[in-house]
Amino acid sequence: MNDRTVSSKRKAAAVKRSVAAIIVAAGRGERAGHSAEGPKQYRSIGGVPVLRHTVEMFLGYPDVDHVTVVVHPDDRDLLSIALGKQSSQVKVVDGGATRQSSVRLALDALAERGAPEIVLIHDAVRPFVDAALIGRTLASIDAVTGAIPVIPVADTLKRSRGDDTVETTVDRKNLYAAQTPQGFPFAAIRAAHAAAAELDAFTDDASIAEWAGMSVRLVAGSVDNVKLTTARDIALADERLRRRHQMIDVRTGNGYDVHRLTAGDHVTLCGVRIPHDGALDGHSDADVGLHALTDALLATCGAGDIGDHFPPSDPQWRGAASRIFVEKAVAIIRDRGGRIMNADISLICEAPKIAPHREAMRQAMAAMTGLALDRVSVKATTNEAIGFVGRREGIAAIATASVAYGESA
């Protein structure tokens, strides 16, 4: 392969293809039994409708440009309730009497709005599809070839005589269970659906593609990508999500701060005023330890940094005690369901000596975080006379905090 060929292939790979996803949600789900919530795609698992779980994955996938949901004409209100604000982010198409006809109607609707190059077709009741599976499928689709995720058949297969006796054992070699999303070049699969419309006997889109002579690649599916068919499937999915939500989510945040030393007679470190032959320069009390701790705490829940909440341009924070900043970060964490597990600060300075004040610092930090004393640590080190710290031009601090989120009450 010459350099020109390689370059052309790279350019081709860099061109983004337009991708649409069709979520098939027009079925009535009779095998799942009756529920006041409606058909199975509208029932709750983990406190959220099945359909919303599915739609959110495709709306959040960066290479999917449009999402179309195919619904039963009687279920438009259920759809709106299930998706909430996300209803405005999807196109809705009324389905037909069968899955095959529903997909065909969705393909026609997409063509009218501007046909994509690639289409992914996914069952609404497969809510555990993940981004990696979508990516594998998309990567295997080209201009003439579709792709479907599959799982190798693990069980021994028996063919019945039509009653309750075995006729033969089926060789499971090269047998696979098909999943969704199934992906295809749009024009080819739409033409295949149109040609097969009168037959209306296919159970998935890949079988229509095969019937029409299209090549279909197999990609690795996921054992988690189950289809919810029966009431028990829904109950197990609900239990699975509730267990997941009850798991302790422990996050660690880091923070760093530095302030230069100027003329003065004291510094404030970790909430403790210490006599010194200089002062830390800053808009507030310039407590580098507590500033680093504030950032570490905020980092555990993606809440920005100290400057977002207490901008130095705001005069109300001039000379403010930095414990205010820590207490605000603690309140944010608690509002988001977090519980602080520990806090650790390392002070980096040539002077003053930290050891005589360490316990007072730990006590102050314990009070502002609500932690027991044995969950609070303060350490100190010099910079071995190296750099700005070594020249006593400033003091730095590094903080680490761990917070548990999502704990069961």
# chains A, B, ... in the order shown; residues from 1 in each chain; ligands from 1
>>> select_by_dssp(residues="range 111-196 of chain A", states="strand (DSSP E or B)", output="ChimeraX atom specification")
/A:118-123,145-152,157-160,166-170,176-178,182-185
>>> write_last_selection(atoms="N, CA, C and O atoms", output="tab-separated table (two decimals), in the first residue's frame")
chain	number	residue	atom	x	y	z
A	118	ILE	N	-26.26	6.40	7.41
A	118	ILE	CA	-26.31	5.18	8.21
A	118	ILE	C	-27.52	5.25	9.13
A	118	ILE	O	-27.87	6.30	9.65
A	119	VAL	N	-28.17	4.10	9.34
A	119	VAL	CA	-29.26	4.04	10.29
A	119	VAL	C	-29.03	2.88	11.24
A	119	VAL	O	-28.62	1.78	10.84
A	120	LEU	N	-29.27	3.14	12.52
A	120	LEU	CA	-29.25	2.11	13.55
A	120	LEU	C	-30.69	1.85	13.97
A	120	LEU	O	-31.44	2.80	14.22
A	121	ILE	N	-31.07	0.59	14.06
A	121	ILE	CA	-32.45	0.23	14.42
A	121	ILE	C	-32.38	-0.59	15.70
A	121	ILE	O	-31.73	-1.63	15.75
A	122	HIS	N	-33.06	-0.10	16.72
A	122	HIS	CA	-32.90	-0.70	18.06
A	122	HIS	C	-34.25	-0.91	18.72
A	122	HIS	O	-35.16	-0.07	18.62
A	123	ASP	N	-34.36	-2.03	19.44
A	123	ASP	CA	-35.58	-2.32	20.20
A	123	ASP	C	-35.64	-1.44	21.44
A	123	ASP	O	-34.68	-1.39	22.23
A	145	THR	N	-22.48	-2.77	3.40
A	145	THR	CA	-22.54	-3.84	4.40
A	145	THR	C	-23.16	-3.35	5.68
A	145	THR	O	-22.80	-2.29	6.20
A	146	GLY	N	-24.10	-4.14	6.21
A	146	GLY	CA	-24.68	-3.86	7.51
A	146	GLY	C	-23.92	-4.56	8.62
A	146	GLY	O	-22.95	-5.28	8.37
A	147	ALA	N	-24.35	-4.34	9.86
A	147	ALA	CA	-23.69	-4.99	10.99
A	147	ALA	C	-24.70	-5.21	12.11
A	147	ALA	O	-25.58	-4.37	12.34
A	148	ILE	N	-24.56	-6.35	12.79
A	148	ILE	CA	-25.45	-6.64	13.92
A	148	ILE	C	-24.62	-7.23	15.06
A	148	ILE	O	-23.69	-7.98	14.85
A	149	PRO	N	-24.98	-6.88	16.29
A	149	PRO	CA	-24.32	-7.51	17.44
A	149	PRO	C	-24.94	-8.87	17.72
A	149	PRO	O	-26.16	-9.05	17.61
A	150	VAL	N	-24.09	-9.82	18.07
A	150	VAL	CA	-24.59	-11.18	18.32
A	150	VAL	C	-23.88	-11.78	19.53
A	150	VAL	O	-22.80	-11.36	19.92
A	151	ILE	N	-24.53	-12.80	20.09
A	151	ILE	CA	-23.98	-13.58	21.19
A	151	ILE	C	-23.94	-15.04	20.74
A	151	ILE	O	-24.95	-15.58	20.28
A	152	PRO	N	-22.79	-15.72	20.86
A	152	PRO	CA	-22.76	-17.14	20.49
A	152	PRO	C	-23.75	-17.94	21.32
A	152	PRO	O	-23.91	-17.70	22.53
A	157	LEU	N	-28.98	-27.11	21.71
A	157	LEU	CA	-30.25	-26.87	21.03
A	157	LEU	C	-30.91	-28.18	20.61
A	157	LEU	O	-30.26	-29.08	20.05
A	158	LYS	N	-32.20	-28.28	20.87
A	158	LYS	CA	-32.99	-29.46	20.49
A	158	LYS	C	-34.11	-29.04	19.54
A	158	LYS	O	-34.77	-28.01	19.75
A	159	ARG	N	-34.32	-29.85	18.51
A	159	ARG	CA	-35.47	-29.62	17.64
A	159	ARG	C	-36.54	-30.63	18.01
A	159	ARG	O	-36.30	-31.83	18.13
A	160	SER	N	-37.77	-30.12	18.19
A	160	SER	CA	-38.89	-30.98	18.57
A	160	SER	C	-39.56	-31.58	17.33
A	160	SER	O	-39.48	-31.03	16.23
A	166	VAL	N	-38.07	-35.06	21.49
A	166	VAL	CA	-36.96	-34.52	20.71
A	166	VAL	C	-36.83	-35.26	19.39
A	166	VAL	O	-36.85	-36.49	19.35
A	167	GLU	N	-36.71	-34.48	18.33
A	167	GLU	CA	-36.43	-35.07	17.01
A	167	GLU	C	-34.93	-35.20	16.82
A	167	GLU	O	-34.43	-36.24	16.39
A	168	THR	N	-34.19	-34.12	17.14
A	168	THR	CA	-32.74	-34.16	16.95
A	168	THR	C	-32.08	-33.05	17.75
A	168	THR	O	-32.74	-32.09	18.19
A	169	THR	N	-30.77	-33.20	17.94
A	169	THR	CA	-29.97	-32.14	18.55
A	169	THR	C	-29.33	-31.32	17.43
A	169	THR	O	-28.77	-31.88	16.48
A	170	VAL	N	-29.45	-30.01	17.55
A	170	VAL	CA	-28.94	-29.10	16.52
A	170	VAL	C	-27.51	-28.70	16.86
A	170	VAL	O	-27.21	-28.32	18.00
A	176	TYR	N	-25.69	-18.03	16.39
A	176	TYR	CA	-25.62	-16.82	17.21
A	176	TYR	C	-27.02	-16.29	17.48
A	176	TYR	O	-27.91	-16.42	16.64
A	177	ALA	N	-27.18	-15.68	18.65
A	177	ALA	CA	-28.42	-14.97	18.96
A	177	ALA	C	-28.22	-13.49	18.59
A	177	ALA	O	-27.25	-12.86	19.01
A	178	ALA	N	-29.13	-12.97	17.77
A	178	ALA	CA	-29.00	-11.60	17.28
A	178	ALA	C	-29.56	-10.61	18.29
A	178	ALA	O	-30.56	-10.86	18.96
A	182	GLN	N	-29.16	-2.87	15.16
A	182	GLN	CA	-28.69	-3.39	13.89
A	182	GLN	C	-28.52	-2.19	12.97
A	182	GLN	O	-29.38	-1.32	12.89
A	183	GLY	N	-27.35	-2.13	12.32
A	183	GLY	CA	-27.03	-0.95	11.53
A	183	GLY	C	-26.82	-1.26	10.07
A	183	GLY	O	-26.29	-2.32	9.71
A	184	PHE	N	-27.22	-0.30	9.21
A	184	PHE	CA	-27.16	-0.52	7.76
A	184	PHE	C	-26.93	0.80	7.03
A	184	PHE	O	-27.27	1.88	7.54
A	185	PRO	N	-26.38	0.70	5.82
A	185	PRO	CA	-26.43	1.88	4.95
A	185	PRO	C	-27.90	2.19	4.68
A	185	PRO	O	-28.69	1.30	4.32
>>> residues_around(residues="Pro356 in chain A", least_positions_apart="6", cutoff="12 Å", atoms="only C-alpha atoms", output="NGL selection string")
:A and (272 or 274-275 or 362 or 378-380)
>>> write_last_selection(atoms="N, CA and C atoms", output="CSV table (one decimal), in the first residue's frame")
chain,number,residue,atom,x,y,z
A,272,VAL,N,-5.9,28.1,61.2
A,272,VAL,CA,-5.2,28.5,62.4
A,272,VAL,C,-4.2,29.7,62.1
A,274,ILE,N,-1.0,31.8,62.7
A,274,ILE,CA,0.3,31.4,63.2
A,274,ILE,C,1.2,32.7,63.1
A,275,PRO,N,1.8,33.1,64.2
A,275,PRO,CA,2.8,34.2,64.1
A,275,PRO,C,3.9,33.9,63.1
A,362,ARG,N,-6.1,20.3,62.7
A,362,ARG,CA,-7.0,19.1,62.5
A,362,ARG,C,-8.3,19.4,63.2
A,378,VAL,N,-3.2,16.5,58.6
A,378,VAL,CA,-2.4,17.6,58.1
A,378,VAL,C,-0.9,17.2,58.2
A,379,LYS,N,-0.2,17.4,57.1
A,379,LYS,CA,1.2,17.0,57.0
A,379,LYS,C,1.9,18.3,56.5
A,380,ALA,N,3.2,18.3,56.7
A,380,ALA,CA,4.1,19.4,56.2
A,380,ALA,C,5.4,18.9,55.7
>>> residues_around(residues="Phe128 in chain A", least_positions_apart="4", cutoff="10 Å", atoms="only C-alpha atoms", output="list in words")
Val50, His53, Thr54, Met57, Ser222, Val223, Asp224, Asn225, Val226, Lys227, Leu228, Ala237 and Leu241 of chain A
>>> atom_distance(atom1="CA of Gly46 in chain A", atom2="CA of Leu236 in chain A")
10.3 Å
>>> atom_distance(atom1="CA of Val64 in chain A", atom2="CA of Gln89 in chain A")
12.2 Å
>>> closest_residue(among="A:Ile22, A:Val129, A:Asp344, A:Val55", to="Val93 in chain A", atoms="only C-alpha atoms")
A:Ile22
>>> atom_distance(atom1="CA of Ala20 in chain A", atom2="CA of Pro116 in chain A")
6.2 Å
>>> closest_residue(among="A:Ala396, A:Val19, A:Val125, A:Val103", to="His66 in chain A", atoms="only C-alpha atoms")
A:Val19
>>> closest_residue(among="A:Thr294, A:Gln179, A:Thr137, A:Ser284", to="Asp63 in chain A", atoms="only C-alpha atoms")
A:Thr137
>>> closest_residue(among="A:Gly114, A:Gly370, A:Gly135, A:Gly162", to="Tyr61 in chain A", atoms="only C-alpha atoms")
A:Gly135
>>> residues_around(residues="Cys270 in chain A", least_positions_apart="4", cutoff="12 Å", atoms="only C-alpha atoms", output="JSON, numbers by chain")
{"A": [274, 285, 286, 287, 288, 289, 290, 291, 292, 293, 294, 321, 322, 323, 325, 326, 343, 344, 345, 346, 347, 354, 357, 358, 359, 360, 361, 362, 363, 364, 365, 366, 367, 368, 376, 377, 378, 379, 380, 396, 397, 398, 399]}
>>> closest_residue(among="A:Ala404, A:Leu51, A:Ala296, A:Leu371", to="Pro127 in chain A", atoms="only C-alpha atoms")
A:Leu51
>>> residues_around(residues="Asp335 in chain A", least_positions_apart="5", cutoff="12 Å", atoms="only C-alpha atoms", output="number ranges by chain")
A: 301, 303, 328-330, 405-406
>>> write_last_selection(atoms="C-alpha atoms", output="mmCIF file, in the first residue's frame")
data_model
loop_
_atom_site.group_PDB
_atom_site.id
_atom_site.type_symbol
_atom_site.label_atom_id
_atom_site.label_comp_id
_atom_site.auth_asym_id
_atom_site.auth_seq_id
_atom_site.Cartn_x
_atom_site.Cartn_y
_atom_site.Cartn_z
ATOM 1 C CA CYS A 301 -19.103 16.250 42.436
ATOM 2 C CA ALA A 303 -18.994 21.564 41.129
ATOM 3 C CA LYS A 328 -19.905 26.014 51.346
ATOM 4 C CA ALA A 329 -18.242 23.057 49.595
ATOM 5 C CA VAL A 330 -19.446 20.761 52.390
ATOM 6 C CA TYR A 405 -22.230 9.346 47.034
ATOM 7 C CA GLY A 406 -25.371 7.292 46.552
#
>>> decode(residues="range 261-395 of chain A", atoms="C-alpha atoms", output="CSV table (one decimal), in the first residue's frame")
chain,number,residue,atom,x,y,z
A,261,LEU,CA,4.5,35.8,51.0
A,262,THR,CA,4.6,39.6,51.6
A,263,ALA,CA,5.4,41.8,54.6
A,264,GLY,CA,3.3,40.9,57.6
A,265,ASP,CA,3.3,39.4,61.0
A,266,HIS,CA,1.2,36.2,60.6
A,267,VAL,CA,-0.1,33.5,58.2
A,268,THR,CA,-3.4,31.6,58.4
A,269,LEU,CA,-3.0,27.9,57.6
A,270,CYS,CA,-5.8,25.3,57.8
A,271,GLY,CA,-7.9,27.7,59.9
A,272,VAL,CA,-5.2,28.5,62.4
A,273,ARG,CA,-3.5,31.9,62.8
A,274,ILE,CA,0.3,31.4,63.2
A,275,PRO,CA,2.8,34.2,64.1
A,276,HIS,CA,5.3,34.7,61.3
A,277,ASP,CA,7.7,37.2,59.8
A,278,GLY,CA,5.5,37.5,56.7
A,279,ALA,CA,1.9,37.3,55.5
A,280,LEU,CA,0.2,35.4,52.6
A,281,ASP,CA,-1.1,37.7,49.9
A,282,GLY,CA,-4.6,37.0,48.8
A,283,HIS,CA,-8.1,38.5,48.4
A,284,SER,CA,-9.4,36.5,51.4
A,285,ASP,CA,-7.2,35.4,54.3
A,286,ALA,CA,-5.1,33.5,51.7
A,287,ASP,CA,-5.3,30.2,53.6
A,288,VAL,CA,-3.7,27.9,51.1
A,289,GLY,CA,-4.6,24.8,53.0
A,290,LEU,CA,-8.3,25.5,53.1
A,291,HIS,CA,-8.3,26.8,49.5
A,292,ALA,CA,-6.8,23.5,48.3
A,293,LEU,CA,-9.3,21.6,50.4
A,294,THR,CA,-12.2,23.5,49.0
A,295,ASP,CA,-11.2,22.6,45.5
A,296,ALA,CA,-10.7,18.9,46.4
A,297,LEU,CA,-14.2,18.7,47.9
A,298,LEU,CA,-15.8,20.5,44.9
A,299,ALA,CA,-14.0,18.1,42.5
A,300,THR,CA,-15.8,15.1,43.9
A,301,CYS,CA,-19.1,16.2,42.4
A,302,GLY,CA,-18.0,18.3,39.5
A,303,ALA,CA,-19.0,21.6,41.1
A,304,GLY,CA,-16.3,23.7,39.7
A,305,ASP,CA,-13.6,25.3,41.8
A,306,ILE,CA,-13.2,27.9,44.5
A,307,GLY,CA,-13.0,30.8,42.0
A,308,ASP,CA,-16.4,29.9,40.6
A,309,HIS,CA,-18.1,30.2,43.9
A,310,PHE,CA,-16.0,32.9,45.5
A,311,PRO,CA,-14.5,35.1,42.7
A,312,PRO,CA,-11.7,37.3,43.8
A,313,SER,CA,-13.3,40.2,42.0
A,314,ASP,CA,-16.2,40.1,44.5
A,315,PRO,CA,-15.4,42.6,47.3
A,316,GLN,CA,-17.5,40.7,49.9
A,317,TRP,CA,-14.8,38.1,50.1
A,318,ARG,CA,-11.9,40.5,50.8
A,319,GLY,CA,-10.2,39.3,54.0
A,320,ALA,CA,-12.9,36.5,54.5
A,321,ALA,CA,-12.1,33.5,56.6
A,322,SER,CA,-11.5,30.6,54.3
A,323,ARG,CA,-13.5,28.3,56.5
A,324,ILE,CA,-16.5,29.9,54.8
A,325,PHE,CA,-15.3,28.4,51.5
A,326,VAL,CA,-14.9,24.9,53.0
A,327,GLU,CA,-18.3,25.0,54.7
A,328,LYS,CA,-19.9,26.0,51.3
A,329,ALA,CA,-18.2,23.1,49.6
A,330,VAL,CA,-19.4,20.8,52.4
A,331,ALA,CA,-23.0,22.1,51.9
A,332,ILE,CA,-22.9,21.4,48.2
A,333,ILE,CA,-21.7,17.9,48.7
A,334,ARG,CA,-24.5,17.2,51.2
A,335,ASP,CA,-27.1,18.7,48.9
A,336,ARG,CA,-25.9,16.2,46.3
A,337,GLY,CA,-26.2,13.2,48.6
A,338,GLY,CA,-22.5,12.9,49.5
A,339,ARG,CA,-20.9,12.0,52.7
A,340,ILE,CA,-17.3,13.2,53.3
A,341,MET,CA,-15.1,10.3,54.2
A,342,ASN,CA,-11.7,11.9,54.9
A,343,ALA,CA,-9.6,15.1,54.2
A,344,ASP,CA,-5.9,15.3,53.9
A,345,ILE,CA,-3.7,18.4,53.5
A,346,SER,CA,0.0,18.7,52.8
A,347,LEU,CA,1.6,22.1,53.4
A,348,ILE,CA,4.8,22.9,51.5
A,349,CYS,CA,6.8,25.6,53.2
A,350,GLU,CA,10.2,26.4,54.7
A,351,ALA,CA,8.6,28.2,57.6
A,352,PRO,CA,6.7,28.5,59.9
A,353,LYS,CA,7.0,25.2,61.7
A,354,ILE,CA,3.7,23.3,61.3
A,355,ALA,CA,4.1,20.6,63.9
A,356,PRO,CA,3.3,22.8,66.9
A,357,HIS,CA,0.0,23.7,65.3
A,358,ARG,CA,-1.0,20.5,63.6
A,359,GLU,CA,-3.5,19.4,66.2
A,360,ALA,CA,-5.2,22.8,66.2
A,361,MET,CA,-5.4,22.6,62.4
A,362,ARG,CA,-7.0,19.1,62.5
A,363,GLN,CA,-9.5,20.3,65.1
A,364,ALA,CA,-10.5,23.2,62.9
A,365,MET,CA,-10.8,21.1,59.8
A,366,ALA,CA,-12.9,18.5,61.7
A,367,ALA,CA,-15.3,21.2,62.8
A,368,MET,CA,-15.8,22.6,59.4
A,369,THR,CA,-16.2,19.3,57.6
A,370,GLY,CA,-18.1,17.4,60.3
A,371,LEU,CA,-15.5,14.6,60.3
A,372,ALA,CA,-14.1,12.7,63.2
A,373,LEU,CA,-10.6,13.7,64.1
A,374,ASP,CA,-9.1,10.4,62.9
A,375,ARG,CA,-10.4,11.2,59.4
A,376,VAL,CA,-8.5,14.5,59.1
A,377,SER,CA,-4.8,14.7,58.4
A,378,VAL,CA,-2.4,17.6,58.1
A,379,LYS,CA,1.2,17.0,57.0
A,380,ALA,CA,4.1,19.4,56.2
A,381,THR,CA,7.3,19.3,54.2
A,382,THR,CA,9.9,21.7,53.0
A,383,ASN,CA,11.0,22.2,49.5
A,384,GLU,CA,14.6,21.5,50.3
A,385,ALA,CA,15.5,25.2,49.6
A,386,ILE,CA,14.5,24.7,45.9
A,387,GLY,CA,12.2,27.0,43.9
A,388,PHE,CA,10.0,29.8,45.1
A,389,VAL,CA,9.0,27.8,48.2
A,390,GLY,CA,12.6,27.1,49.0
A,391,ARG,CA,13.4,30.8,48.6
A,392,ARG,CA,10.5,31.6,51.1
A,393,GLU,CA,8.6,33.5,48.4
A,394,GLY,CA,5.4,31.6,49.0
A,395,ILE,CA,3.6,28.7,50.6
